[in-house]
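Q: Input run38.txt, format and content: compact mmCIF, C-alpha atoms.
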```txt
# COMPACT_ATOMS: atom_id res chain seq x y z
CA MET I 25 0.00 0.00 0.00
CA ARG I 26 1.45 3.37 -1.02
CA ILE I 27 0.05 6.40 0.78
CA VAL I 28 0.11 9.93 -0.62
CA THR I 29 0.06 12.21 2.40
CA ALA I 30 -1.79 15.49 2.70
CA SER I 31 1.40 17.45 2.08
CA GLU I 32 1.78 15.72 -1.28
CA SER I 33 -1.79 16.42 -2.42
CA ALA I 34 -2.73 20.01 -3.12
CA ALA I 35 -6.10 19.02 -4.59
CA ALA I 36 -7.57 17.67 -1.34
CA PRO I 37 -5.30 18.40 1.63
CA ASP I 38 -7.52 16.61 4.14
CA ILE I 39 -7.54 13.32 2.26
CA ALA I 40 -4.87 10.63 2.21
CA TYR I 41 -4.63 8.72 -1.06
CA PHE I 42 -3.31 5.18 -1.39
CA THR I 43 -3.64 2.12 -3.56
CA ILE I 44 -4.23 -1.55 -2.80
CA ALA I 45 -2.97 -4.30 -5.08
CA VAL I 46 -5.60 -6.58 -6.60
CA ARG I 47 -5.28 -10.18 -7.71
CA PRO I 48 -6.78 -10.46 -11.21
CA PRO I 49 -9.24 -11.14 -12.62
CA PHE I 50 -11.20 -8.54 -10.69
CA PRO I 51 -14.66 -7.76 -12.15
CA TRP I 52 -15.05 -4.37 -10.51
CA ARG I 53 -18.20 -3.30 -12.34
CA ALA I 54 -19.96 -6.59 -11.66
CA LEU I 55 -19.03 -6.41 -7.98
CA LEU I 56 -20.36 -2.86 -7.76
CA ASP I 57 -23.56 -3.83 -9.57
CA TYR I 58 -24.20 -6.57 -7.03
CA LEU I 59 -23.40 -4.27 -4.12
CA ALA I 60 -25.49 -1.40 -5.51
CA THR I 61 -28.80 -3.09 -4.74
CA ARG I 62 -27.65 -3.82 -1.18
CA LEU I 63 -26.24 -0.44 -0.21
CA THR I 64 -27.04 1.19 3.10
CA GLU I 65 -28.41 4.56 2.07
CA GLY I 66 -27.03 7.33 4.22
CA LEU I 67 -23.76 5.48 4.66
CA GLU I 68 -22.85 4.27 1.17
CA SER I 69 -23.28 5.22 -2.47
CA ILE I 70 -22.08 4.03 -5.87
CA GLU I 71 -21.82 6.27 -8.89
CA ASP I 72 -19.73 6.23 -12.08
CA GLY I 73 -17.64 3.27 -10.95
CA CYS I 74 -16.84 4.80 -7.56
CA TYR I 75 -17.82 3.38 -4.18
CA ARG I 76 -18.20 5.99 -1.44
CA ARG I 77 -18.62 5.52 2.28
CA TYR I 78 -19.76 8.25 4.68
CA ASP I 79 -19.69 7.55 8.40
CA GLY I 80 -19.60 10.45 10.84
CA HIS I 81 -16.62 12.60 9.94
CA ALA I 82 -15.03 9.81 7.88
CA GLN I 83 -15.33 9.70 4.11
CA VAL I 84 -13.78 7.04 1.91
CA GLN I 85 -13.97 6.64 -1.86
CA VAL I 86 -12.76 3.66 -3.86
CA THR I 87 -12.21 3.25 -7.60
CA TYR I 88 -10.41 0.60 -9.59
CA ASP I 89 -7.57 1.19 -12.04
CA ALA I 90 -7.55 -1.86 -14.30
CA PRO I 91 -4.20 -1.20 -16.06
CA SER I 92 -2.30 -1.09 -12.76
CA ARG I 93 -4.54 -3.69 -11.11
CA ARG I 94 -4.97 -1.54 -8.04
CA LEU I 95 -7.81 -0.12 -6.00
CA CYS I 96 -7.39 3.63 -5.62
CA VAL I 97 -8.58 4.88 -2.24
CA GLY I 98 -9.07 8.36 -0.84
CA ALA I 99 -9.69 8.50 2.92
CA GLY I 100 -10.60 11.56 4.97
CA GLY I 101 -11.27 11.53 8.71
CA LEU I 102 -10.03 7.96 8.97
CA ALA I 103 -6.48 6.66 9.30
CA PRO I 104 -5.25 5.12 6.03
CA LEU I 105 -4.51 1.75 7.62
CA ALA I 106 -8.00 1.61 9.13
CA ALA I 107 -9.56 2.60 5.81
CA ALA I 108 -7.50 -0.06 4.03
CA ARG I 109 -8.76 -2.75 6.42
CA HIS I 110 -12.36 -1.78 5.70
CA VAL I 111 -11.81 -1.71 1.93
CA GLU I 112 -10.01 -5.06 1.93
CA ARG I 113 -12.68 -6.66 4.08
CA LEU I 114 -15.41 -5.44 1.72
CA PHE I 115 -13.90 -6.08 -1.71
CA GLN I 116 -11.53 -8.99 -0.97
CA PRO I 117 -8.87 -7.73 -3.44
CA GLN I 118 -6.49 -10.64 -2.81
CA TYR I 119 -9.15 -13.35 -3.10
CA ASP I 120 -7.69 -16.25 -5.05
CA GLY I 121 -10.56 -18.03 -6.76
CA ARG I 122 -8.57 -20.05 -9.29
CA ALA I 123 -8.99 -23.43 -7.62
CA VAL I 124 -12.62 -22.66 -6.78
CA GLU I 125 -13.52 -21.68 -10.33
CA ALA I 126 -11.66 -24.65 -11.81
CA ALA I 127 -13.71 -27.00 -9.64
CA LEU I 128 -17.09 -25.33 -10.13
CA ALA I 129 -16.59 -24.87 -13.88
CA GLN I 130 -16.92 -28.64 -14.20
CA HIS I 131 -20.64 -28.22 -13.48
CA ALA I 132 -22.97 -26.92 -16.19
CA LEU I 133 -24.76 -24.66 -13.69
CA PHE I 134 -21.59 -22.59 -13.18
CA ALA I 135 -19.47 -22.95 -16.32
CA ALA I 136 -21.17 -20.12 -18.25
CA ARG I 137 -21.31 -17.91 -15.17
CA ILE I 138 -17.59 -18.27 -14.57
CA GLU I 139 -16.78 -17.70 -18.23
CA ARG I 140 -18.94 -14.57 -18.28
CA CYS I 141 -17.60 -13.11 -15.02
CA PRO I 142 -14.24 -14.61 -14.03
CA GLY I 143 -12.97 -13.51 -10.67
CA PHE I 144 -16.34 -12.84 -9.08
CA ARG I 145 -16.02 -13.50 -5.39
CA PRO I 146 -18.17 -13.40 -2.25
CA LEU I 147 -18.20 -9.76 -1.20
CA GLY I 148 -17.32 -9.07 2.39
CA CYS I 149 -18.53 -6.13 4.45
CA TRP I 150 -17.47 -2.77 5.78
CA SER I 151 -18.47 -3.74 9.31
CA PRO I 152 -19.40 -7.21 10.64
CA PHE I 153 -21.93 -5.66 13.03
CA GLU I 154 -23.54 -3.69 10.23
CA LEU I 155 -23.74 -6.80 8.06
CA CYS I 156 -25.37 -8.76 10.87
CA VAL I 157 -27.98 -6.04 11.28
CA ARG I 158 -28.56 -5.92 7.52
CA THR I 159 -29.01 -9.69 7.44
CA LEU I 160 -31.52 -9.64 10.27
CA ILE I 161 -33.48 -6.89 8.51
CA GLY I 162 -33.38 -8.83 5.23
CA GLN I 163 -35.18 -11.86 6.61
CA GLN I 164 -38.41 -12.61 4.77
CA VAL I 165 -38.45 -9.30 2.87
CA THR I 166 -37.27 -8.29 -0.59
CA VAL I 167 -33.83 -6.77 -1.18
CA ALA I 168 -35.52 -3.44 -1.95
CA ALA I 169 -37.57 -3.55 1.26
CA ALA I 170 -34.48 -4.37 3.31
CA ARG I 171 -32.68 -1.40 1.78
CA THR I 172 -35.56 0.89 2.76
CA LEU I 173 -35.57 -0.43 6.31
CA MET I 174 -31.80 -0.01 6.61
CA ALA I 175 -32.13 3.61 5.51
CA ARG I 176 -34.74 4.16 8.20
CA LEU I 177 -32.45 2.60 10.78
CA VAL I 178 -29.57 4.88 9.77
CA ALA I 179 -31.90 7.87 10.01
CA ARG I 180 -32.78 6.86 13.58
CA CYS I 181 -29.26 5.91 14.67
CA GLY I 182 -27.04 8.25 12.69
CA THR I 183 -24.53 5.44 12.25
CA LEU I 184 -24.71 1.69 12.69
CA THR I 185 -22.62 0.93 15.74
CA PRO I 186 -23.80 -1.09 18.74
CA ALA I 187 -23.81 2.04 20.91
CA ALA I 188 -25.85 4.03 18.37
CA VAL I 189 -28.42 1.25 18.00
CA ARG I 190 -28.76 0.92 21.76
CA ARG I 191 -29.46 4.66 22.12
CA ALA I 192 -31.98 4.88 19.29
CA ASP I 193 -35.75 4.81 19.56
CA LEU I 194 -36.80 2.10 17.10
CA THR I 195 -40.53 2.17 17.76
CA GLY I 196 -42.68 2.42 14.65
CA ILE I 197 -39.77 1.76 12.31
CA GLY I 198 -41.76 -0.69 10.18
CA MET I 199 -40.34 -4.02 11.33
CA PRO I 200 -41.93 -6.78 13.41
CA GLY I 201 -41.30 -6.34 17.12
CA ARG I 202 -39.34 -9.59 17.33
CA ARG I 203 -36.95 -8.41 14.63
CA VAL I 204 -36.37 -5.09 16.36
CA ALA I 205 -35.76 -6.99 19.59
CA ALA I 206 -33.22 -9.22 17.81
CA ILE I 207 -31.33 -6.16 16.51
CA VAL I 208 -31.25 -4.59 19.97
CA ALA I 209 -30.17 -7.89 21.53
CA LEU I 210 -27.32 -8.11 19.00
CA ALA I 211 -26.22 -4.55 19.80
CA ASN I 212 -26.30 -5.31 23.52
CA ALA I 213 -24.30 -8.52 23.15
CA VAL I 214 -21.58 -6.84 21.06
CA ALA I 215 -21.41 -3.71 23.20
CA GLU I 216 -21.10 -5.77 26.38
CA ASP I 217 -18.36 -8.00 24.87
CA ALA I 218 -20.59 -11.06 25.14
CA LEU I 219 -20.31 -11.58 21.37
CA ASP I 220 -17.07 -11.26 19.39
CA LEU I 221 -17.90 -10.91 15.70
CA ASP I 222 -14.24 -11.41 14.82
CA ALA I 223 -14.09 -14.84 16.44
CA GLY I 224 -13.37 -17.97 14.41
CA TRP I 225 -16.40 -19.41 12.69
CA PRO I 226 -17.21 -22.51 14.77
CA VAL I 227 -17.12 -20.38 17.92
CA LEU I 228 -19.04 -17.49 16.36
CA ASP I 229 -21.58 -19.80 14.73
CA ALA I 230 -22.35 -21.44 18.07
CA ARG I 231 -22.61 -18.09 19.81
CA LEU I 232 -24.86 -16.58 17.12
CA ALA I 233 -27.14 -19.61 17.38
CA GLN I 234 -27.90 -18.45 20.92
CA GLN I 235 -28.93 -14.99 19.73
CA PRO I 236 -32.57 -14.34 18.80
CA GLY I 237 -33.11 -14.18 15.05
CA PHE I 238 -30.00 -16.07 13.96
CA GLY I 239 -31.40 -19.26 12.45
CA PRO I 240 -29.61 -21.61 10.01
CA TRP I 241 -30.19 -19.45 6.89
CA THR I 242 -28.93 -16.31 8.57
CA ARG I 243 -25.82 -17.95 9.96
CA ALA I 244 -24.98 -19.66 6.65
CA TYR I 245 -25.32 -16.36 4.79
CA LEU I 246 -23.10 -14.61 7.32
CA ALA I 247 -20.51 -17.38 7.09
CA ILE I 248 -20.19 -16.62 3.38
CA ARG I 249 -20.19 -12.83 3.62
CA LEU I 250 -17.87 -12.72 6.63
CA GLY I 251 -15.46 -14.99 4.78
CA ARG I 252 -15.50 -17.60 7.53
CA ASP I 253 -16.72 -20.71 5.72
CA LEU I 254 -16.40 -21.10 1.95
CA ASP I 255 -18.57 -24.21 2.07
CA ALA I 256 -21.51 -22.65 3.93
CA PHE I 257 -24.74 -23.02 2.00
CA PRO I 258 -28.22 -21.68 2.92
CA GLU I 259 -30.24 -24.25 1.01
CA GLN I 260 -33.53 -22.68 2.17
CA ASP I 261 -32.81 -19.51 0.19
CA ILE I 262 -35.52 -18.82 -2.40
CA GLY I 263 -33.08 -17.18 -4.81
CA LEU I 264 -30.80 -20.22 -4.74
CA LEU I 265 -33.72 -22.62 -5.21
CA ARG I 266 -34.86 -20.73 -8.30
CA ALA I 267 -31.40 -20.28 -9.79
CA ALA I 268 -30.53 -23.93 -9.32
CA GLY I 269 -33.91 -25.16 -10.56
CA ALA I 270 -34.49 -27.14 -7.35
CA ASP I 271 -38.01 -27.78 -6.07
CA SER I 272 -37.13 -28.04 -2.38
CA ALA I 273 -34.41 -27.25 0.12
CA ARG I 274 -33.76 -30.97 0.47
CA ALA I 275 -33.27 -31.35 -3.28
CA LEU I 276 -30.94 -28.34 -3.35
CA ARG I 277 -28.92 -29.69 -0.45
CA THR I 278 -28.48 -32.97 -2.28
CA GLN I 279 -27.55 -31.16 -5.49
CA SER I 280 -25.03 -28.97 -3.68
CA GLU I 281 -23.06 -31.92 -2.33
CA ALA I 282 -21.26 -32.07 -5.68
CA TRP I 283 -20.07 -28.47 -5.19
CA ARG I 284 -18.20 -29.11 -1.94
CA PRO I 285 -15.99 -27.67 -0.54
CA TYR I 286 -16.94 -24.45 -2.39
CA ARG I 287 -20.67 -24.21 -1.88
CA GLY I 288 -20.42 -20.66 -0.50
CA HIS I 289 -18.76 -19.48 -3.70
CA ALA I 290 -21.34 -21.45 -5.69
CA ALA I 291 -24.14 -19.67 -3.83
CA THR I 292 -22.57 -16.30 -4.64
CA LEU I 293 -22.45 -17.13 -8.35
CA LEU I 294 -26.08 -18.24 -8.32
CA TRP I 295 -27.14 -15.04 -6.57
CA ALA I 296 -25.09 -12.58 -8.56
CA VAL I 297 -24.12 -13.82 -12.03
CA ALA I 298 -26.61 -14.51 -14.80
CA PRO I 299 -26.33 -17.93 -16.53
```
Reformat the file's structure so that it appears as structure tokens.

A:
Amino acid sequence: MRIVTASESAAAPDIAYFTIAVRPPFPWRALLDYLATRLTEGLESIEDGCYRRYDGHAQVQVTYDAPSRRLCVGAGGLAPLAAARHVERLFQPQYDGRAVEAALAQHALFAARIERCPGFRPLGCWSPFELCVRTLIGQQVTVAAARTLMARLVARCGTLTPAAVRRADLTGIGMPGRRVAAIVALANAVAEDALDLDAGWPVLDARLAQQPGFGPWTRAYLAIRLGRDLDAFPEQDIGLLRAAGADSARALRTQSEAWRPYRGHAATLLWAVAP
């Protein structure tokens, strides 16, 4: 990572610029297209090939320079190393999918997808807590509805940290009471150090199973997005059932056995890449 300090940049003296090396192929536009429908309005935006993050006084923008194979990052109000960790956790620039794609390309369901969009990978997240909240909100609603609800939550909280969620009044926000209670319980557990979202997956999976709202689908989805288990597979997911042409979760589970140990990557391709 090379950082251009404020003294070197006359254009924007309050912003540090740096680049992050990327392992090709890196389908930047396809990754942004997938992320665009799942943005948290008020905290994130995508426009003209640029991802922007606004959080309190911090502002980060990310573009991709294909010739140099580097992400170009501008960070203001946030230390460059901290910004780099967030960007790397979200976009997975060093993800090596060669073995995964070689294995999955043997199956007709994935061969065309991989040929059309080589290098597509499971996107990570800016914040594990924020992703957990987004996943709880997304249960049993459309992607568009979840995006609306997340925007309402940001409007109430200002930012999506455990402390901010705990302080906010979430009455009348448009979610079932049990889901609101699950979000508050998550914020309490993280804030009180009863739940470490950076823990290894078997430990975190077991701990999340004790939290309200974190059933098998939710935990499998989080295992993929948090990068903890590349073989996780939420076979109850309606989108996966339709994309795979399966008529039941049991049938999809049986079908997915042939995709081990890369079922999480397989799920991502089915969700995000057209056949």

Q: Fewer than 5 positions away in the same chain doesn't count, so skip those; otherwise give me all residues within 12 Å of region 178-180 of chain I, counting only C-alpha atoms, as an MDAnalysis selection string.

A: chainID I and resid 63:68 78:80 154 157:158 171:173 185 188:197

Q: With a distance cut-off of 12 Å and all atoms listed in the file, select the neighbouring residues of Arg243 (chain I), excluding the residue or stretch itself and same-chain residues fewer than 4 positions from it, and output the selection as a PyMOL selection string.

A: chain I and resi 155-156+159-160+163+225-226+228-239+247-253+256-260

Q: Counting all atoms listed in the file, figure out which residue out of I:Tyr88, I:Tyr58, I:Trp295, I:Phe115 gets nearest to Phe42 (chain I).

A: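 When distances to Phe42 (chain I) are compared using all atoms listed in the file, the smallest one comes from I:Tyr88.
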
Q: Please determine the residues with any atom at most 12 Å from (-11.3, 2.1, 0.4) (coordinates as given in the file, with all atoms listed in the file counting) and report them as JSON, numbers by chain.

A: {"I": [25, 39, 40, 41, 42, 43, 44, 45, 68, 74, 75, 76, 77, 78, 82, 83, 84, 85, 86, 87, 88, 94, 95, 96, 97, 98, 99, 100, 102, 103, 104, 105, 106, 107, 108, 109, 110, 111, 112, 113, 114, 115, 116, 117, 149, 150]}

Q: Go through I:Val167, I:Ile207, I:Leu219, I:Leu293 one by one, measure the shortest atom-to-atom distance of each to Ala267 (chain I) using all atoms listed in the file, and give the residue with the smallest value.

A: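 Closest to Ala267 (chain I) of all the choices is I:Leu293.
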
Q: Here is a test: counting only C-alpha atoms, which residue of I:Ile70, I:Ala282, I:Val297, I:Ala60 is nearest to His131 (chain I)?

A: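 Using only C-alpha atoms, the shortest distance to His131 (chain I) belongs to I:Ala282.
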
Q: What's the separation between CA of Ser69 (chain I) and CA of Asp57 (chain I), in Å to one decimal place?

A: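 Between CA of Ser69 (chain I) and CA of Asp57 (chain I) the gap is 11.5 Å.
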
Q: Counting all atoms listed in the file, figure out which residue out of I:Ala270, I:Ala136, I:Thr183, I:Tyr286 gets nearest to Ala123 (chain I).

A: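 Using all atoms listed in the file, Ala123 (chain I) sits closest to I:Tyr286.
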
Q: Considering only C-alpha atoms, state which residue in the set I:Tyr119, I:Phe134, I:Phe144, I:Trp241 is at the smallest distance from Gln164 (chain I).

A: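 Among the listed residues, the smallest separation from Gln164 (chain I) belongs to I:Trp241.
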
Q: Interatomic distance between CA of Ala291 (chain I) and CA of Ala168 (chain I)?

A: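 One can read the CA of Ala291 (chain I) to CA of Ala168 (chain I) distance as 19.9 Å.
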
Q: Given only C-alpha atoms as the basis, pick out the residue of I:Glu125, I:Gly288, I:Arg277, I:Pro240 nearest to Arg137 (chain I).

A: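 Of the candidates, the smallest distance to Arg137 (chain I) is held by I:Glu125.
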
Q: Please provide as a ChimeraX atom specification all residues within 7 Å of Pro142 (chain I), with the sequence filter that same-chain residues fewer than 3 positions apart are discarded (counting all atoms listed in the file).

A: /I:49,138-139

Q: Could you please determine the separation between CA of Ala132 (chain I) and CA of Pro299 (chain I) in Å, to one decimal place?

A: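 Separating CA of Ala132 (chain I) from CA of Pro299 (chain I) is a distance of 9.6 Å.
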